[in-house]
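The structure appears below as structure tokens.
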Amino acid sequence: MTHPASAGADQPRAGQSHEEPDLLRDQFKQLLRYRLLLALGIVVGLLGGVWIGLAGGASYVATSEVTVRSATVDPFAPGGTTPDKQVSIGSERQTAVSNAVASRAAKALRTSVGAEKLQSGLQVTNPPNTLVLRFAYTDSSPGRAAERANAFTQAYLDNRRQQTQSLIDNMVEGYEKQLKPLEKQRDELAEQISGLSDGRALDTVLSVQSGVLGKISEMNAGITKLKALDTTPGFVVRTATPPADPSGPGLPMLLGLGAAVGIGLGLLAAWVRLVFDPTARSENDVVRALRAPVLGTLPRRRRGEAAALLAEGRLGEEYRSVAFRLAYDQRFAGRRRLLVVAPRGAIDTAAAVSVNLAASFVEMGREVLLVEADLRTPSLAARLRAADGIRPGWARTPARGDGGWPTGEQVPIDAGESGAFELIPGTRVRNVARALTSTPATQLIATADDEDAVVVVLAPAVLSYADAIALADRVDGVLVVCDPREVRRDDLDRIRELVSGAGGTVLGAVLHSDGSGNRRGGAKGATGARRRIGPESRPTDPPASGRDESPDATTATTAATTAAGGPGTLGLRAVDPADLPARPASRR
């Protein structure tokens, strides 16, 4: 039976085993993003293949083969020692590539090329379990390659025959030197025998003569046997002929090998670049760094395309998807407070996310309050215009802060068919920290405690200023808006640590790839130049209760504001208050 503890310990291992293929797949996808390095690697490989093919030149290999045999009296005699025991094929191969054979071949070729240089193109091999030597000669000319291969083959056979014959001559000469004293002794004994009469002395001399004659006969037999040896060193079984095609891979093969090597080099370079790349690069990296899910990925905007604060179409549906995922997150549903931040730089994309999430929550029947907590470069009041004559029944005028914010203004914003939400515009203050932590600001954020109320707070970049951290303990649900190609992994780790240390929770991330979230400014004509808003440029206060605003007057006011707003102002639809769906009166 498996112990519960051991079973629990095996579960993480099983999870890690399931995650490993996903990690490998993700890393491979990230490698394919470095297309420039991959292309450079392929180009380098192809150039290397072309250089090898052209610089090396065409080379031809001519091959001849010869069987090696030892000297024997009767080559057809059965039994005895086998030829492979009499011949050391390894020694013969070394002899074939020796300087002696090369010098003999050079003389036969009558060439001015030295023996060592002539020998550089030769290669001698021995097929396994054979007494065959294969002479392969490489040269730029096919005819010369065949001629030199045959010359080396014949030089080897001549050299081996000469060695065998020299050995036989030396042995015969040794026998003959031993034979001369015996023949002289034989003649002397013959003279003695002719002068002796029968008797004991004659018998002794005859016995000595018989021994000498036996030795002479034995030596003569040895000489005869040596002279009868067959000194054929071997037979040529294959004569080299000029090859028709060059050896080695051709240019197409070299190009293919170069491309393969180039892909390998490109992948290696991309892997090294990926290892030392500090940016997140992928959705999985963002998830691992924040330890929170990616709630949505905004569609990539075309270069030069205008960016609207209130999105429509596919982009609008993506914002609605993020809002629904937040609404069903128990960590957010309990307090309904959302802090939207960017890691560094400008917060244009974070502002668009906060505005569209506010509109999406309105569609879900929530009472939404959008708080612009960017007190350094406030811009929403200039980029959004109030919907004159429209004010949700639950809205109220916030208290005025001692530090200059909140200013006491609460601007109703028409979100088109989604409905309307309230905006607390930001303003420049001297002491940002005191304004954000003031009692009116805390009471403003506490609006989310009311039933069906949602507070969305837009704060400056969390790593550029400490404003977001000052709000994290009260707006404890944080949504990070970032571009994974630009944000660093250690920055995301630091955001998570800062938010957790301040008592907040990272609910997730929204990714974009238009680059506007982490860089200053944007394309002209998209969100426009960010204006520093003062009291004189902030929208007018909402109309007092009882003030008569006709639809025609509302439309005229909106048109006039659009004409004066410039490219940085986003025109929203002006509607008659009677066209809006009725909302329940506020319970506050």
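Convention: chains lettered A, B, ... in structure tokens order; per-chain residue numbering from 1; ligands numbered from 1 as shown.
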Check: Please, which residues of region 342-464 of chain A, numbered as in this document, come out helix (DSSP H, G or I) from DSSP, as a PyMOL selection string?
Finding: chain A and resi 348-363+380-383+416-418+432-436+439-449
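By only C-alpha atoms, and with residues fewer than 6 positions from Glu372 (chain A) along its chain excluded, the set lying at most 10 Å from it is Ala351, Ser354, Pro378, Ser379, Leu380, Ala381, Pro406, Leu423, Ile424, Pro425, Gly426, Thr427, Val456, Val457, Leu458, Ala459 and Pro460 of chain A.
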Can you pull out every residue within 7 Å of region 360-363 of chain A, counting only C-alpha atoms, but drop anything in the same chain fewer than 3 positions away, and send it as a PDB file with C-alpha atoms, in the first residue's frame?
```
ATOM      1  CA  ARG A 320     -14.842  42.026 -21.819  1.00  0.00           C
ATOM      2  CA  ALA A 323     -13.518  41.689 -17.003  1.00  0.00           C
ATOM      3  CA  ASN A 356     -12.285  49.628 -20.953  1.00  0.00           C
ATOM      4  CA  LEU A 357     -12.503  47.438 -17.850  1.00  0.00           C
ATOM      5  CA  ARG A 366     -21.939  47.094 -11.796  1.00  0.00           C
ATOM      6  CA  GLU A 367     -21.692  50.622 -10.423  1.00  0.00           C
ATOM      7  CA  VAL A 368     -18.188  51.592 -11.489  1.00  0.00           C
ATOM      8  CA  SER A 418     -22.182  50.015 -22.164  1.00  0.00           C
ATOM      9  CA  GLY A 419     -23.705  52.780 -20.042  1.00  0.00           C
ATOM     10  CA  ALA A 420     -21.924  55.335 -17.878  1.00  0.00           C
ATOM     11  CA  PHE A 421     -19.318  55.269 -15.144  1.00  0.00           C
TER      12      PHE A 421
END
```
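Each of A:Tyr465, A:Tyr319, A:Tyr175, A:Trp51 was checked against Val341 (chain A) using only C-alpha atoms; the smallest atom-to-atom distance is that of A:Tyr465.
Atom pair CA of Asn126 (chain A) / CA of Thr153 (chain A) has a distance of 13.6 Å (rounded to one decimal).
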Item checked: Nearby residues (only C-alpha atoms) at most 7 Å from Ile469 (chain A), same-chain spacing under 4 positions excluded, as a PyMOL selection string -> chain A and resi 462+498-499+502
Output of the above residues as a short mmCIF file (atom, residue, chain, number, x, y, z; two decimals), in the first residue's frame, restricted to all heavy atoms:
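Just written: out09.cif:
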```
data_model
loop_
_atom_site.label_atom_id
_atom_site.label_comp_id
_atom_site.auth_asym_id
_atom_site.auth_seq_id
_atom_site.Cartn_x
_atom_site.Cartn_y
_atom_site.Cartn_z
N VAL A 462 4.58 51.17 -11.43
CA VAL A 462 4.86 50.74 -10.06
C VAL A 462 6.35 50.78 -9.74
O VAL A 462 6.74 50.99 -8.58
CB VAL A 462 4.29 49.32 -9.85
CG1 VAL A 462 4.99 48.32 -10.75
CG2 VAL A 462 4.38 48.90 -8.40
N LEU A 498 6.86 43.50 -4.15
CA LEU A 498 6.40 44.77 -3.58
C LEU A 498 4.91 44.73 -3.25
O LEU A 498 4.48 45.19 -2.18
CB LEU A 498 6.70 45.91 -4.55
CG LEU A 498 8.18 46.28 -4.76
CD1 LEU A 498 8.32 47.32 -5.86
CD2 LEU A 498 8.78 46.81 -3.46
N VAL A 499 4.12 44.18 -4.18
CA VAL A 499 2.68 44.12 -3.95
C VAL A 499 2.37 43.20 -2.77
O VAL A 499 1.55 43.53 -1.90
CB VAL A 499 1.96 43.65 -5.22
CG1 VAL A 499 0.49 43.38 -4.94
CG2 VAL A 499 2.09 44.70 -6.32
N ALA A 502 3.21 44.84 0.49
CA ALA A 502 2.30 45.91 0.88
C ALA A 502 0.92 45.39 1.26
O ALA A 502 0.03 46.18 1.59
CB ALA A 502 2.16 46.92 -0.26
#
```
Item checked: Contacts of Val124 (chain A) within 7 Å, only C-alpha atoms, excl. fewer than 4 positions in-chain, as number ranges by chain -> A: 93, 97, 133-136
Notebook entry, point to check: Could you name the residues that touch Val287 (chain A) at 12 Å or less, counting only C-alpha atoms, but leaving out those on the same chain fewer than 5 positions away, as a PyMOL selection string?
Noted result: chain A and resi 280-282+292-296+480+484+489+492-493+496+506-511
Residues from last step as file, all heavy atoms, as a compact mmCIF listing (two decimals), in the first residue's frame:
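Okay, out_16.txt is ready:
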```
# COMPACT_ATOMS: atom_id res chain seq x y z
N ALA A 280 10.86 39.09 -20.52
CA ALA A 280 10.00 37.94 -20.28
C ALA A 280 9.78 37.14 -21.56
O ALA A 280 9.76 35.91 -21.55
CB ALA A 280 8.66 38.39 -19.72
N ARG A 281 9.58 37.82 -22.67
CA ARG A 281 9.46 37.22 -24.00
C ARG A 281 8.19 36.42 -24.22
O ARG A 281 7.65 36.40 -25.31
CB ARG A 281 10.66 36.31 -24.32
CG ARG A 281 11.99 36.97 -24.26
CD ARG A 281 12.12 38.10 -25.21
NE ARG A 281 11.86 37.73 -26.60
CZ ARG A 281 11.87 38.59 -27.60
NH1 ARG A 281 12.11 39.86 -27.36
NH2 ARG A 281 11.64 38.21 -28.82
N SER A 282 7.66 35.71 -23.23
CA SER A 282 6.51 34.84 -23.47
C SER A 282 5.52 34.93 -22.33
O SER A 282 5.83 35.42 -21.23
CB SER A 282 6.96 33.39 -23.67
OG SER A 282 7.41 32.84 -22.45
N ALA A 292 0.88 34.48 -11.24
CA ALA A 292 -0.52 34.83 -11.46
C ALA A 292 -0.82 34.60 -12.93
O ALA A 292 0.09 34.65 -13.78
CB ALA A 292 -0.79 36.29 -11.09
N PRO A 293 -2.08 34.32 -13.27
CA PRO A 293 -2.40 34.00 -14.67
C PRO A 293 -2.38 35.23 -15.57
O PRO A 293 -2.48 36.37 -15.10
CB PRO A 293 -3.81 33.40 -14.57
CG PRO A 293 -4.39 34.07 -13.36
CD PRO A 293 -3.25 34.23 -12.39
N VAL A 294 -2.26 34.98 -16.84
CA VAL A 294 -2.44 36.02 -17.85
C VAL A 294 -3.92 36.05 -18.20
O VAL A 294 -4.46 35.10 -18.77
CB VAL A 294 -1.58 35.74 -19.10
CG1 VAL A 294 -1.91 36.73 -20.21
CG2 VAL A 294 -0.10 35.84 -18.75
N LEU A 295 -4.58 37.14 -17.85
CA LEU A 295 -6.02 37.23 -18.05
C LEU A 295 -6.41 37.54 -19.47
O LEU A 295 -7.53 37.26 -19.88
CB LEU A 295 -6.60 38.30 -17.10
CG LEU A 295 -6.35 38.06 -15.61
CD1 LEU A 295 -6.93 39.19 -14.79
CD2 LEU A 295 -6.93 36.73 -15.18
N GLY A 296 -5.52 38.11 -20.24
CA GLY A 296 -5.84 38.43 -21.63
C GLY A 296 -4.63 38.97 -22.36
O GLY A 296 -3.69 39.48 -21.75
N VAL A 480 -1.47 43.86 -13.66
CA VAL A 480 -0.25 44.36 -14.29
C VAL A 480 -0.44 44.36 -15.80
O VAL A 480 -0.83 43.34 -16.40
CB VAL A 480 0.96 43.49 -13.91
CG1 VAL A 480 2.23 44.02 -14.56
CG2 VAL A 480 1.12 43.45 -12.39
N PRO A 484 5.46 41.75 -22.92
CA PRO A 484 6.47 40.75 -22.55
C PRO A 484 7.78 40.90 -23.31
O PRO A 484 8.81 40.42 -22.84
CB PRO A 484 5.77 39.42 -22.87
CG PRO A 484 4.72 39.76 -23.86
CD PRO A 484 4.26 41.15 -23.51
N ARG A 489 12.16 40.14 -16.58
CA ARG A 489 11.64 39.15 -15.63
C ARG A 489 11.89 39.56 -14.20
O ARG A 489 11.05 39.36 -13.33
CB ARG A 489 12.28 37.78 -15.91
CG ARG A 489 11.84 37.14 -17.21
CD ARG A 489 12.34 35.72 -17.30
NE ARG A 489 13.80 35.65 -17.35
CZ ARG A 489 14.50 35.68 -18.46
NH1 ARG A 489 13.88 35.77 -19.62
NH2 ARG A 489 15.82 35.61 -18.44
N LEU A 492 9.25 41.99 -13.05
CA LEU A 492 7.99 41.33 -12.66
C LEU A 492 8.13 40.67 -11.29
O LEU A 492 7.19 40.72 -10.48
CB LEU A 492 7.60 40.30 -13.71
CG LEU A 492 7.27 40.85 -15.10
CD1 LEU A 492 6.94 39.72 -16.07
CD2 LEU A 492 6.10 41.83 -15.03
N ASP A 493 9.28 40.06 -11.04
CA ASP A 493 9.50 39.47 -9.71
C ASP A 493 9.45 40.56 -8.63
O ASP A 493 8.87 40.36 -7.55
CB ASP A 493 10.86 38.77 -9.66
CG ASP A 493 10.87 37.51 -10.50
OD1 ASP A 493 9.79 36.91 -10.67
OD2 ASP A 493 11.94 37.12 -10.98
N ARG A 496 5.84 41.67 -7.95
CA ARG A 496 5.13 40.71 -7.11
C ARG A 496 5.56 40.82 -5.65
O ARG A 496 4.74 40.81 -4.73
CB ARG A 496 5.39 39.29 -7.62
CG ARG A 496 4.81 38.20 -6.74
CD ARG A 496 5.09 36.83 -7.34
NE ARG A 496 6.47 36.65 -7.69
CZ ARG A 496 7.45 36.34 -6.82
NH1 ARG A 496 7.14 36.21 -5.53
NH2 ARG A 496 8.69 36.19 -7.21
N VAL A 506 -1.50 40.12 -6.59
CA VAL A 506 -1.46 40.24 -8.05
C VAL A 506 -2.51 39.30 -8.62
O VAL A 506 -2.38 38.07 -8.54
CB VAL A 506 -0.06 39.91 -8.60
CG1 VAL A 506 -0.06 40.00 -10.12
CG2 VAL A 506 0.98 40.86 -8.03
N LEU A 507 -3.59 39.86 -9.17
CA LEU A 507 -4.66 39.04 -9.72
C LEU A 507 -4.31 38.45 -11.07
O LEU A 507 -4.81 37.39 -11.44
CB LEU A 507 -5.94 39.87 -9.84
CG LEU A 507 -6.50 40.45 -8.53
CD1 LEU A 507 -7.73 41.29 -8.82
CD2 LEU A 507 -6.82 39.34 -7.55
N GLY A 508 -3.47 39.11 -11.81
CA GLY A 508 -3.10 38.62 -13.13
C GLY A 508 -2.44 39.71 -13.95
O GLY A 508 -2.05 40.76 -13.43
N ALA A 509 -2.31 39.43 -15.24
CA ALA A 509 -1.63 40.37 -16.14
C ALA A 509 -2.40 40.45 -17.44
O ALA A 509 -3.09 39.50 -17.85
CB ALA A 509 -0.19 39.92 -16.40
N VAL A 510 -2.30 41.60 -18.07
CA VAL A 510 -2.83 41.82 -19.42
C VAL A 510 -1.63 42.16 -20.30
O VAL A 510 -0.89 43.11 -20.01
CB VAL A 510 -3.87 42.95 -19.46
CG1 VAL A 510 -4.26 43.26 -20.90
CG2 VAL A 510 -5.11 42.56 -18.66
N LEU A 511 -1.44 41.37 -21.36
CA LEU A 511 -0.28 41.55 -22.23
C LEU A 511 -0.67 42.31 -23.49
O LEU A 511 -1.80 42.19 -23.97
CB LEU A 511 0.29 40.19 -22.62
CG LEU A 511 0.64 39.23 -21.46
CD1 LEU A 511 1.29 37.97 -22.01
CD2 LEU A 511 1.55 39.90 -20.46
```
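Among the candidate residues A:Val454, A:Leu310, A:Leu326, A:Leu213, the one lying nearest to Val355 (chain A) is A:Leu310, with distances computed using only C-alpha atoms.
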Please report, as a JSON list (two decimals) with N, CA and C atoms, in the first residue's frame, each residue of region 283-480 of chain A to which DSSP assigns strand (DSSP E) when run on this structure's backbone.
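Resulting contents of selection_37.json:
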```json
[["chain", "number", "residue", "atom", "x", "y", "z"],
["A", 294, "VAL", "N", -2.26, 34.98, -16.84],
["A", 294, "VAL", "CA", -2.44, 36.02, -17.85],
["A", 294, "VAL", "C", -3.92, 36.05, -18.20],
["A", 295, "LEU", "N", -4.58, 37.14, -17.85],
["A", 295, "LEU", "CA", -6.02, 37.23, -18.05],
["A", 295, "LEU", "C", -6.41, 37.54, -19.47],
["A", 296, "GLY", "N", -5.52, 38.11, -20.24],
["A", 296, "GLY", "CA", -5.84, 38.43, -21.63],
["A", 296, "GLY", "C", -4.63, 38.97, -22.36],
["A", 297, "THR", "N", -4.67, 38.83, -23.67],
["A", 297, "THR", "CA", -3.62, 39.37, -24.54],
["A", 297, "THR", "C", -4.29, 40.26, -25.58],
["A", 337, "ARG", "N", -12.08, 45.69, -5.82],
["A", 337, "ARG", "CA", -11.15, 46.82, -5.98],
["A", 337, "ARG", "C", -10.02, 46.37, -6.90],
["A", 338, "LEU", "N", -9.73, 47.17, -7.88],
["A", 338, "LEU", "CA", -8.73, 46.80, -8.89],
["A", 338, "LEU", "C", -7.77, 47.95, -9.11],
["A", 339, "LEU", "N", -6.49, 47.66, -8.96],
["A", 339, "LEU", "CA", -5.42, 48.63, -9.19],
["A", 339, "LEU", "C", -4.71, 48.24, -10.47],
["A", 340, "VAL", "N", -4.78, 49.09, -11.49],
["A", 340, "VAL", "CA", -4.18, 48.83, -12.79],
["A", 340, "VAL", "C", -2.85, 49.58, -12.87],
["A", 341, "VAL", "N", -1.77, 48.85, -13.10],
["A", 341, "VAL", "CA", -0.43, 49.45, -13.11],
["A", 341, "VAL", "C", 0.35, 48.90, -14.30],
["A", 367, "GLU", "N", -21.85, 49.18, -10.59],
["A", 367, "GLU", "CA", -21.69, 50.62, -10.42],
["A", 367, "GLU", "C", -20.20, 50.90, -10.31],
["A", 368, "VAL", "N", -19.64, 51.51, -11.34],
["A", 368, "VAL", "CA", -18.19, 51.59, -11.49],
["A", 368, "VAL", "C", -17.71, 53.01, -11.22],
["A", 369, "LEU", "N", -16.62, 53.08, -10.47],
["A", 369, "LEU", "CA", -15.94, 54.34, -10.21],
["A", 369, "LEU", "C", -14.50, 54.20, -10.66],
["A", 370, "LEU", "N", -14.10, 54.99, -11.63],
["A", 370, "LEU", "CA", -12.73, 54.98, -12.14],
["A", 370, "LEU", "C", -11.97, 56.12, -11.48],
["A", 371, "VAL", "N", -10.91, 55.76, -10.74],
["A", 371, "VAL", "CA", -10.12, 56.73, -9.99],
["A", 371, "VAL", "C", -8.77, 56.88, -10.67],
["A", 372, "GLU", "N", -8.48, 58.10, -11.12],
["A", 372, "GLU", "CA", -7.17, 58.36, -11.70],
["A", 372, "GLU", "C", -6.23, 58.81, -10.59],
["A", 411, "VAL", "N", -16.74, 63.10, -12.45],
["A", 411, "VAL", "CA", -17.20, 63.36, -13.81],
["A", 411, "VAL", "C", -17.87, 62.12, -14.36],
["A", 412, "PRO", "N", -19.12, 62.23, -14.82],
["A", 412, "PRO", "CA", -19.76, 61.07, -15.46],
["A", 412, "PRO", "C", -19.22, 60.90, -16.88],
["A", 413, "ILE", "N", -18.90, 59.68, -17.24],
["A", 413, "ILE", "CA", -18.35, 59.37, -18.56],
["A", 413, "ILE", "C", -19.32, 58.46, -19.28],
["A", 414, "ASP", "N", -19.68, 58.86, -20.49],
["A", 414, "ASP", "CA", -20.56, 58.03, -21.31],
["A", 414, "ASP", "C", -19.72, 56.98, -22.02],
["A", 420, "ALA", "N", -22.73, 54.22, -18.36],
["A", 420, "ALA", "CA", -21.92, 55.33, -17.88],
["A", 420, "ALA", "C", -21.23, 54.93, -16.60],
["A", 421, "PHE", "N", -20.05, 55.47, -16.40],
["A", 421, "PHE", "CA", -19.32, 55.27, -15.14],
["A", 421, "PHE", "C", -18.77, 56.60, -14.70],
["A", 422, "GLU", "N", -18.37, 56.66, -13.44],
["A", 422, "GLU", "CA", -17.88, 57.90, -12.85],
["A", 422, "GLU", "C", -16.35, 57.94, -12.88],
["A", 423, "LEU", "N", -15.81, 59.10, -13.15],
["A", 423, "LEU", "CA", -14.36, 59.31, -13.18],
["A", 423, "LEU", "C", -13.97, 60.31, -12.11],
["A", 424, "ILE", "N", -13.03, 59.93, -11.27],
["A", 424, "ILE", "CA", -12.40, 60.86, -10.33],
["A", 424, "ILE", "C", -11.09, 61.29, -10.98],
["A", 453, "ALA", "N", -20.79, 47.57, -6.36],
["A", 453, "ALA", "CA", -19.88, 48.66, -6.72],
["A", 453, "ALA", "C", -18.51, 48.10, -7.05],
["A", 454, "VAL", "N", -17.85, 48.70, -8.01],
["A", 454, "VAL", "CA", -16.50, 48.33, -8.42],
["A", 454, "VAL", "C", -15.67, 49.60, -8.53],
["A", 455, "VAL", "N", -14.49, 49.59, -7.94],
["A", 455, "VAL", "CA", -13.57, 50.72, -8.01],
["A", 455, "VAL", "C", -12.34, 50.29, -8.80],
["A", 456, "VAL", "N", -12.06, 50.99, -9.89],
["A", 456, "VAL", "CA", -10.88, 50.75, -10.71],
["A", 456, "VAL", "C", -9.95, 51.94, -10.54],
["A", 457, "VAL", "N", -8.74, 51.68, -10.10],
["A", 457, "VAL", "CA", -7.77, 52.74, -9.81],
["A", 457, "VAL", "C", -6.63, 52.64, -10.81],
["A", 458, "LEU", "N", -6.33, 53.73, -11.48],
["A", 458, "LEU", "CA", -5.20, 53.82, -12.40],
["A", 458, "LEU", "C", -4.06, 54.53, -11.68],
["A", 477, "GLY", "N", -6.29, 44.27, -5.04],
["A", 477, "GLY", "CA", -6.21, 43.47, -6.26],
["A", 477, "GLY", "C", -5.48, 44.24, -7.35],
["A", 478, "VAL", "N", -4.33, 43.74, -7.76],
["A", 478, "VAL", "CA", -3.46, 44.45, -8.70],
["A", 478, "VAL", "C", -3.48, 43.74, -10.04],
["A", 479, "LEU", "N", -3.65, 44.50, -11.12],
["A", 479, "LEU", "CA", -3.60, 44.00, -12.50],
["A", 479, "LEU", "C", -2.41, 44.67, -13.19],
["A", 480, "VAL", "N", -1.47, 43.86, -13.66],
["A", 480, "VAL", "CA", -0.25, 44.36, -14.29],
["A", 480, "VAL", "C", -0.44, 44.36, -15.80]]
```
